[in-house]
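Scroll down for the structure; my scribbles are underneath it.
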Amino acid sequence: MIASRSPIVRLGVRAASPLAIVIAVYLLFAGHNRPGGGFAAGLVLGAVVTLRTLAGLQRPTHATGLITSGVVLVAAIAFIPLLWGDPLLDQQVGSIELPVLGKVKSGSALPFDIGVTAIVMGLIVALLDGLSDPTAEGGDPAPVEQEERR
Amino acid sequence: MMWLLLGAHGLGIGLAAAAGGRSLRAGLAVAAIAPAATAGWAAAALLRDRPPEPTSLVWVDGLDLSIRFQADGLALLMTLLVSGIGALVFLYGTGYFNPGPGARFPASLLAFSASMLGLVWADSVWTLFIFWEFTSITSFLLVGHKHEDPTVRAAARRALMITGAGGLVLLAGLLVLTSEIGSSTLTDLAPVSGPTATLAAILILVGAATKSAQVPFHVWLPGAMAAPTPVSAYLHSATMVKAGVLLVAVAGPAFVDVAAWKVLGLSFGITSLLWGAIGALRHRDAKLVLAWGTVSQLGLMITLLALGEPKATFAGVSMLFAHALFKAALFLVVGEIDVRTGTRDIAALGGLSRTMPVAFGVAVAAGLSMAGAPPLLGFMTKEAAIEAALKLSGPDRAIALGAIIAGSVLTVAYTTRFLFGAFGRGPATAVAPRRLAMTVPAVILAGAGVLGFVAVATVNGIVGPAAAELDPEAGTFLLIQWPGLKTAFVISMAILASGAALGTALSRHDHPARPAPATLGADAVDRSIDGLLSISPRITALVQHGSLPVYLATLATAAVLAATPFATELTLDHLVWWDNPLQGGLALGIVVAAFAGAFVSSRLGAALTLGAVGLGVSGLFVVHGAPDLALTQLLVETVVVVGFVLGLGHLTRRFPPVNGTWRGVRIAVAGASGLGAMIALAAASAQPTGRAPLAELTSQSVEEGGGDNIVNVILTDMRALDTLGEVVVLATVAIGILSLARVRRQEAATRGPA
Amino acid sequence: MNTLIALTIIAPLLGAATGLAFRTNSRARDASTLLGTGVAAAAAVWILVRVADTGSHVMAVGGWNPELGIVLVADLFAALVLPVALLIIFVVEIFAIGQRRTAWGANPELAGPLLGVLTAGVSLAMLTGDLFTLFVAFELILVSSYVLLTHQGQRGQIRSGMTYVVMNLLASTLFLLGLAVVYAATGTVNMALLAERVPELPTGVRVGIGAWFFVVFGTKAAIFPLFSWLPDSYPTAPTTITAVFAGLLTKIGVYAMIRFHTLTGMDDLGTIMLLIAGATMVIGAIGALAQSDVKRILSFHIVSQIGYMLMGLGLFSAAGTAGAILFLVHHMPVKTVLFLVGGLIENHQGTSALDRSGGLAARRPLIAALFAVPALSLAGLPPFSGFVAKFAVISAGIEQEATPIVVVALFAGALTLLSMTKIWLGVFWGPSPELAAAPARAVGNRRTMVAATGLAVAGTLAISLFAGTLFELSQRASEDLRSPAAYISEVTS
Amino acid sequence: MRKHVRPRRLATLVALTLAWCALWRDISAANILAGAVIAIVVTSIGVGTPGTGGIRLRPLTRLLWLVAVDLVRSTIVVAREILTPADRTEESIIAVATPVQTRDHLLLLVVAITLTPGTAVVDADPDTGTLYVHLLHHDGRDVAIDHINALARVAAEALPTIGTGS
Amino acid sequence: MNTFSAIVLLLAGVVALLAGIGVLRFSTSYARLHAAGKASPIAFIIASVGAALDLGWAGAGLLGIAVFAMTLTLPVGVHLLFRAVHRTGDNSHLAIDELAPAERYGSQHPLR
Amino acid sequence: MIHLIALGCFAVAGLCGTYRLLIGPELADRVIALDVALMCLMGAITVDAARRDDTTYLILLVVIAIVGFTATAAASRFLEHTPGQSGDTRPSGKRTEP
Amino acid sequence: MSVALLLTVGGLTATGMYLVTSRSLSRIILGFSLLGHAAVVALVTAGGPAGEAPIAGRDGALTNPVPQALALTAIVISFGLTLFLLALAGRQQQLSGDDLVEDDLEDQRIARVRPDDDPAEVET
Ligand code: NA
Ligand code: NA
């Protein structure tokens, strides 16, 4: 019998997910110097979540948690500089020299972008929640199918 | 001291409300204390001839709004009336009302009393205005005391709307006047002239006329008789309606050079004098007779004050004093009749002179004072008025004299008719036992009319200084007990004789079976208010039709209109066809896809077309040199298309058909909007007055922002606040979507497994 | 001072986020959202005290110069309006806690956090010295209000929410297009720089920009003929939500208009503004007369009263602007209180329809008193703040010899009085209808609701009492706005 | 189950690390280290394929080659189809039983078949290994089935399951 | 190298053009899916090869990831569309349909 | 110049896709047409990158390639779950009043 | 300023406005998406001519990054609002079976206008 969900999609999405996540992480980190950034990263992750939902794979379900932590993170990043008298949202840039890796430079823009990513992802998780119609009738209830591990 | 007295009133309001919660009578008794004290204070100040110190309290300095009190002679006279009669009315009320709770009434009445004090003490036009408005509100509450009755509600509304609208006209007039004079102090009012002054004069007179129930604004006053009789006696005869007269009196000096003041004042006064008296003769309800009589008497006072002659002013002030006493007494008697017989119809009543002898005595004393018969206070004031008219010259003399004589004849006639109707002739109406609390105040007030004649010196000591405040020369006149057989006296006697004859004659025609006379005017006001209320939906429907597309088209049209100024600056010099040919191609593709998407009839087809537009825009960003935008646009487009497909998929596949005319409107509005946007952008970019500091942006981005991608540095650093806001927007949207999802789930759960 | 300014924005956001995190524990949730708005309100009051004393304060967010970054400017205008707005939200939150069960329906835990977002948006909108950030702040305010309006998902709310959302979205889109035009013309979105650069533009472009933003802000402010969305949407929301909307949202549009149009010297638009102001006053008042539901009457009054503020602005004189500012400050709490009383009425009678109510003055004299104060204030009767505000605007009109608008304003005042009378006669007087017998769903902590309303009424009385001080501050704020040189130098130095 | 070496997981890690470096357009120590860390994290949170089993490079290369050839052929076939005016297609959907043992093979096969001219996978039954293939030209049915079976064999060789050998 | 890569890119363009024409010309949904699902990714792959020749290792790496990702995801998408067409469209023109008897589906929501 | 011709080919192909997107008739046709348009955009970006010798925009290709089929997947998943209703071309059965 | 971009803005605004004034909520949402595109393109257009991506260290004239950042914010906000509208439309569809925007009942009651008289009525 043919299942209502395509196994091929599940396979394809599962195979593509790690690469997509790596790309999202790249966008997040590279954004400050190249095209990318927190939004793009969040949207890529959101697309992954969408695909996994469509394919019936496991995916994050706690939109509220993502949103809450994202908002707290960006709000905190915004407010922390005031604690030592800097203005709101003043960026703290720091760099350290590491033995193998060389000079590593980063700033508070990165956690800010991470917060952005979390919120964007949360929004898409919420959207998938909101668009799934609990009243739709017929068919198998099709709970999220567990990943087969062999 | 004045603040202290007002404070006592405030305290009294609280106490009266508290006591009234248990017993209305107790509340009234408590409420009487503050007015009694105030009356005593005013009497003392008058007798010692030492006016109290002026006092003031700044409220809004920048607008010259402040509470400034100065109790001069006129104010003290009015204080005596307001608080003296007030105390008596409270006392009377303890007899008038049946036992039971009623916290609001004594509190409201005392609040009115306090407002009236503020009004008479006012030394600034704004103080006067503020308390003027208070009296309108408290009057509304008091008129509507028995609000379960729809006619009472209508009467209250009518009174509030006329006096309220009058208040607004007065506000305008006072604003014009003060901007002309440059001061708001009443005692500083300097004579003004010119068109602005004329405008101020008209507005102020109209405002005064609404309050003092001058024709044609009098229509609220008979309706206000729906209030309990103590209220009628207090507000609608003795005090509040005098506010307009007082205003005419105090503002008069400013308008001595304004012709309109006198003309309009006399028009109001004389019309009201005559029409009010005729009204009093038409009605059979004793309260209405008195109320119409009040309109008439107020008209007489305004006539006298508007003349602007010292003797007339003096007569007007005297009349103000005398009228308060006799009219309040008459109302109290009518209230007693009402309570003890259950009716006020003078045609139905009869023979009360036997069953209510004390009330009869009061009615005769007060009524004759109103008719101007000796030896009563009313006689002296009427005499003064006739003399004042005789002293005039030119057309004023004929007009004033004629009006006063005609008015007085009618006054005597309705007084006679009232006295005969209620107390004379016919079988005695059955009466309930006498209530002392009702009798005593009436006797005091009527007695004051008699006493006023006897102790004329004291009256002159009160009236003279009051008149002097308005016109120093007016203070030089005196009321005279026995003027001798002068012209005025002869006229006076002729008036009495002919009026009595007329009244007796008319009294014979009163019959309970005859229908009550039509109310003239009041209906018209109610109808126009109701008409306003019923036409308002039609006006509203023109703009508030409830159709969202029309609202949106309206907004778009407004935007197009707003963009038209740009067209005047449109130049084409700075325009190029494209920055590079790819841009042109993509633009073409986008526009074609967008147009097609607008007209495609498949819902999901349209959604996918939107996706194509998104791709095109994204390409445009690539061409423009905006990789971040292109990237974000692409990803956003993906999610949006997913949302469309999954969110709206279950809908009917095709859009509903579109109505022809409206579609034409939409196309026109849409086309104009597109054009407007283009013109605005093109015109705005022709001569920019500033540019972004690109070099600084680049260097600062690297040095301070620590990043090469300037757009990202702007987003996460320079304009991170925007980003913060925008992600909170997203978070909020997520909350909204989740909550709607939960509603759906809950509904699905309550509906149970299908 | 930087911290105070930041707190007005960040504290409610953090309160909202923690409130959301604690959404299953009602006490913790209420406490955190209340704390968030409370801190913001306290900070705003403090800002007012400091700014009134020492003058404007400029915070360059992130430490960037205004050419590059965003500035938050606590000038007297912002400092004056902000505490009033935030205190309103605070009081309404207390009211909402009393009314929770009935007001929040299906999603009781969301209102607090959403009000927190709204608060942050309001603070940002008032403090920002950047036109684009103003757009973002508008969106924050609007999106939280969209969700507040529709999150219970009832049919009427969805329908009216649609009207509200779509209309405001179109205005937002026009805002964005306007921003593009402004940027094309001046190369900046910083308001101080705009104040320098806009007046140098060719007349057509300058007037066009002014007119465009007049339409944008006017839609948010619900001016004629762009107001129709308001009476359709506000009355359907739960009372507390409507109370906040009524008190705040349209006023933010007016606020933006006062700031933008004075700062950029759009005096040319005065005549058209006065025309629109007159139409807004009268049509709003007539619309109110046509209604037979307390909340709808009050909603139309919002429109009518916007006309007075617009009149003050349209006079383009120091006195007129001061009047508009005072009117703004007075109207926010008064309108909120009226809707809260509307909520009490509904709570006691189960309806706010006039023809199904009556006799409440006898049964609930306290509610009658709580209604009377703001109602008289709205009608412009002394000694309430509405009188002072209307007086200020009208006397400014007389000073400018703008007779027609003064006449219209007085006429609209009479209409307002009439419709307040209509509510009074319909709800408080007259016979008690049988229907009003203890509605089954009227639960919630009435004492909290009445206390919150009482607090708000006390607030409006305080505004009446201190109208002198407030007007003086309004005058100073108006003078600052009308002479942008100081603003420019403060921001750009 | 998991006591064997897992070359396929290692290959995934290497590939992801390389991808990370490629994204940064720079193969440095820092990038390799960071890439490896990210790859390990990503593969261990369970979003990807389990990564068990082996991987053989030679068959994989052969598969790639076959697919590349198919690509070219596909291009030519489609081009001919598009450019000739007459419509010579006769479509059908046929069931093809394949010897696929794991789902990874299935995916590999689907990709390969879809890039093959004239064939496309409409559906699959992973339990029986049956593929439902759409043919643009029904007359080429037998050739297509043979080709699919050949691809399946190579795929199975490329990704051997532990314990089963080829 | 530059000219060669340019020619490769042109070839990619031509293939893309073929895909476009195919999508326009073919008469059944299945056939259109064949044209789009094969020719267009091929066009992209060819273009990537051409561009990689120009852009060197840095570009080749990125293009390689893109090509890999697309060869992984595109067949999946095409498969889904085929499946959708089969389930919803008109299959009467098929010579043989061995899938139809084996198919089972409900009217579930796509996200469940 | 050759680059521009190649770009032109992609543009024309994209327009062909867009046209199919507009005419349908099946939803699947529209979806695949959008996919073609997307591919053309990708190809064009690739050619443009070669033309400009600029790798900045290549990340776009990576991102589209990995998640670009999300919309396709959603649309087809949607389609296959509403059997008998795919009649994008068929008149709808129910007309609802506002 | 490029006429191509101006025409894009104008065309998107016009089509967007046409869709927005429709009675079908899904068309309205489509319209807002188009208007959002128009605004974003307008912002980018306002920033000046096309050029190199605004990344420090590149040769050639960089495009103006400021409107790009503004446009990005605008994209994201309009993205969020579009999703919210979609959710609203979904709810509306669930409640009434369609996505047509209904007229305000109270307004109609007050105006005593029958729905057929409404000029914006699209159903035939
Ligand atoms: Na009689
Ligand atoms: Na009623």
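Letters for chains follow the order of the structure tokens (A, B, ...), residue numbers begin at 1 for each chain, and ligand numbers begin at 1 in the order shown.
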List as a list in words the protein and nucleic acid residues near B:Thr571, meaning an atom at most 12 Å away when only C-alpha atoms are counted, but skip any in the same chain fewer than 6 places from it. Ile679, Ala680, Leu681, Ala682, Ala683, Ala684, Ser685, Ala686 and Gln687 of chain B; Pro202, Gly204 and Val205 of chain C; Met1 of chain G
Report as an NGL selection string all protein, DNA and RNA residues lying within 6 Å of stretch 74-85 of chain C, evaluated on only C-alpha atoms, omitting residues in the same chain fewer than 4 positions from it. :C and (41 or 44-45 or 48 or 56-57 or 126-127 or 329 or 477)
What parts of stretch 37-86 of chain C does DSSP call alpha helix (DSSP H)? I'd like the answer as JSON, numbers by chain. {"C": [37, 38, 39, 40, 41, 42, 43, 44, 45, 46, 47, 48, 49, 50, 51, 52, 53, 54, 76, 77, 78, 79, 80, 81, 82, 83, 84, 85, 86]}
Tell me which protein, DNA and RNA residues are within 12 Å of D:Arg80, counting only C-alpha atoms, leaving out same-chain ones fewer than 6 positions away, and put them as a list in words.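 The filter keeps Arg73, Ser74, Ala86, Asp87, Arg88, Thr89, Pro117 and Gly118 of chain D; Val15, Leu18, Ala19, Ile21, Gly22, Ala35 and Ala39 of chain E.
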Write the selection just made, keeping C-alpha atoms, as a PDB file, in the first residue's frame?
ATOM      1  CA  ARG D  73      21.156  12.023 -22.791  1.00  0.00           C
ATOM      2  CA  SER D  74      18.259  13.502 -20.986  1.00  0.00           C
ATOM      3  CA  ALA D  86       4.936  16.146 -33.610  1.00  0.00           C
ATOM      4  CA  ASP D  87       3.939  14.749 -30.271  1.00  0.00           C
ATOM      5  CA  ARG D  88       5.353  11.217 -30.132  1.00  0.00           C
ATOM      6  CA  THR D  89       4.800  10.648 -26.442  1.00  0.00           C
ATOM      7  CA  PRO D 117      15.567  10.793 -19.699  1.00  0.00           C
ATOM      8  CA  GLY D 118      11.898  10.025 -19.965  1.00  0.00           C
TER       9      GLY D 118
ATOM     10  CA  VAL E  15      19.081  24.414 -22.344  1.00  0.00           C
ATOM     11  CA  LEU E  18      14.489  24.543 -24.117  1.00  0.00           C
ATOM     12  CA  ALA E  19      13.061  23.880 -20.690  1.00  0.00           C
ATOM     13  CA  ILE E  21       9.669  26.141 -24.367  1.00  0.00           C
ATOM     14  CA  GLY E  22       8.985  22.616 -23.185  1.00  0.00           C
ATOM     15  CA  ALA E  35      10.637  19.105 -19.367  1.00  0.00           C
ATOM     16  CA  ALA E  39      16.085  20.472 -18.465  1.00  0.00           C
TER      17      ALA E  39
END
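Closest approach to ligand 2 among C:Ser464, C:Ser299, C:Thr421, C:Thr150: C:Thr421, based on only C-alpha atoms and all ligand atoms.
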Distance of atom CA of D:Val111 from atom CA of E:Leu72, expressed in Å to one decimal place: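 Pair atom CA of E:Leu72 / atom CA of D:Val111 returns 6.7 Å.
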Return as a JSON list (two decimals) with N, CA and C atoms, in the first residue's frame every polymer residue, whether protein, DNA or RNA, with at least one atom no more than 6 Å from an atom of ligand 2; count only C-alpha atoms and all ligand atoms.
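Listed below is the output, part-v4.json:
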[["chain", "number", "residue", "atom", "x", "y", "z"],
["C", 354, "LEU", "N", -28.11, 50.94, 24.45],
["C", 354, "LEU", "CA", -28.91, 51.90, 25.21],
["C", 354, "LEU", "C", -30.34, 51.41, 25.42],
["C", 355, "ASP", "N", -30.91, 50.80, 24.38],
["C", 355, "ASP", "CA", -32.32, 50.45, 24.50],
["C", 355, "ASP", "C", -32.54, 49.25, 25.40],
["C", 356, "ARG", "N", -31.47, 48.63, 25.85],
["C", 356, "ARG", "CA", -31.67, 47.52, 26.77],
["C", 356, "ARG", "C", -31.09, 47.84, 28.14],
["C", 357, "SER", "N", -30.79, 49.14, 28.39],
["C", 357, "SER", "CA", -30.28, 49.48, 29.70],
["C", 357, "SER", "C", -31.16, 50.55, 30.32],
["C", 358, "GLY", "N", -30.83, 50.90, 31.54],
["C", 358, "GLY", "CA", -31.58, 51.96, 32.22],
["C", 358, "GLY", "C", -31.48, 51.84, 33.71],
["C", 426, "GLY", "N", -30.10, 57.17, 28.62],
["C", 426, "GLY", "CA", -30.35, 55.78, 28.24],
["C", 426, "GLY", "C", -29.91, 54.79, 29.29],
["C", 427, "VAL", "N", -28.75, 55.04, 29.89],
["C", 427, "VAL", "CA", -28.18, 54.03, 30.77],
["C", 427, "VAL", "C", -28.49, 54.31, 32.24]]
Residues contacting ligand 1 - anything with an atom at most 12 Å away, using only C-alpha atoms and all ligand atoms - can you give me those as number ranges by chain? B: 284-286, 343-353, 416-429, 504, 506-513
Set out as a tab-separated table a contact list for chain G and chain F with a cut-off of 7 Å, giving each residue of chain G that qualifies its closest atom pair and distance in Å to one decimal, counting only C-alpha atoms, ordered by chain and rising residue number.
residue	atom	partner	partner_atom	distance
G:Asp98	CA	F:Thr96	CA	6.4
G:Leu100	CA	F:Pro98	CA	5.7
G:Val101	CA	F:Pro98	CA	7.0
G:Glu102	CA	F:Pro98	CA	5.7
Name all residues at most 7 Å from D:Thr52 (count only C-alpha atoms; drop same-chain ones fewer than 2 positions away) and give them as a PDB file with C-alpha atoms, in the first residue's frame.
ATOM      1  CA  ARG D   6      30.640   3.904  10.679  1.00  0.00           C
ATOM      2  CA  ARG D   8      29.170   6.726   6.191  1.00  0.00           C
ATOM      3  CA  ARG D   9      28.841   8.945   9.208  1.00  0.00           C
ATOM      4  CA  PRO D  50      21.314   7.825  10.701  1.00  0.00           C
ATOM      5  CA  GLY D  54      29.523   1.946   4.799  1.00  0.00           C
TER       6      GLY D  54
END
Write out as a list in words the residues lying within 8 Å of C:Thr240, counting only C-alpha atoms and excluding same-chain residues fewer than 4 positions away. Val92, Glu93, Phe95, Ala96, Ala103, Val244, Phe339, Leu340 and Gly343 of chain C
Of the candidates D:Ala155, D:Leu107, D:Ala120, D:Leu115, which one gets nearest to A:Leu11 if we count only C-alpha atoms? D:Leu107
Length of the atom CA of G:Leu35 to atom CA of B:Ala556 vector [Å]: 12.0 Å
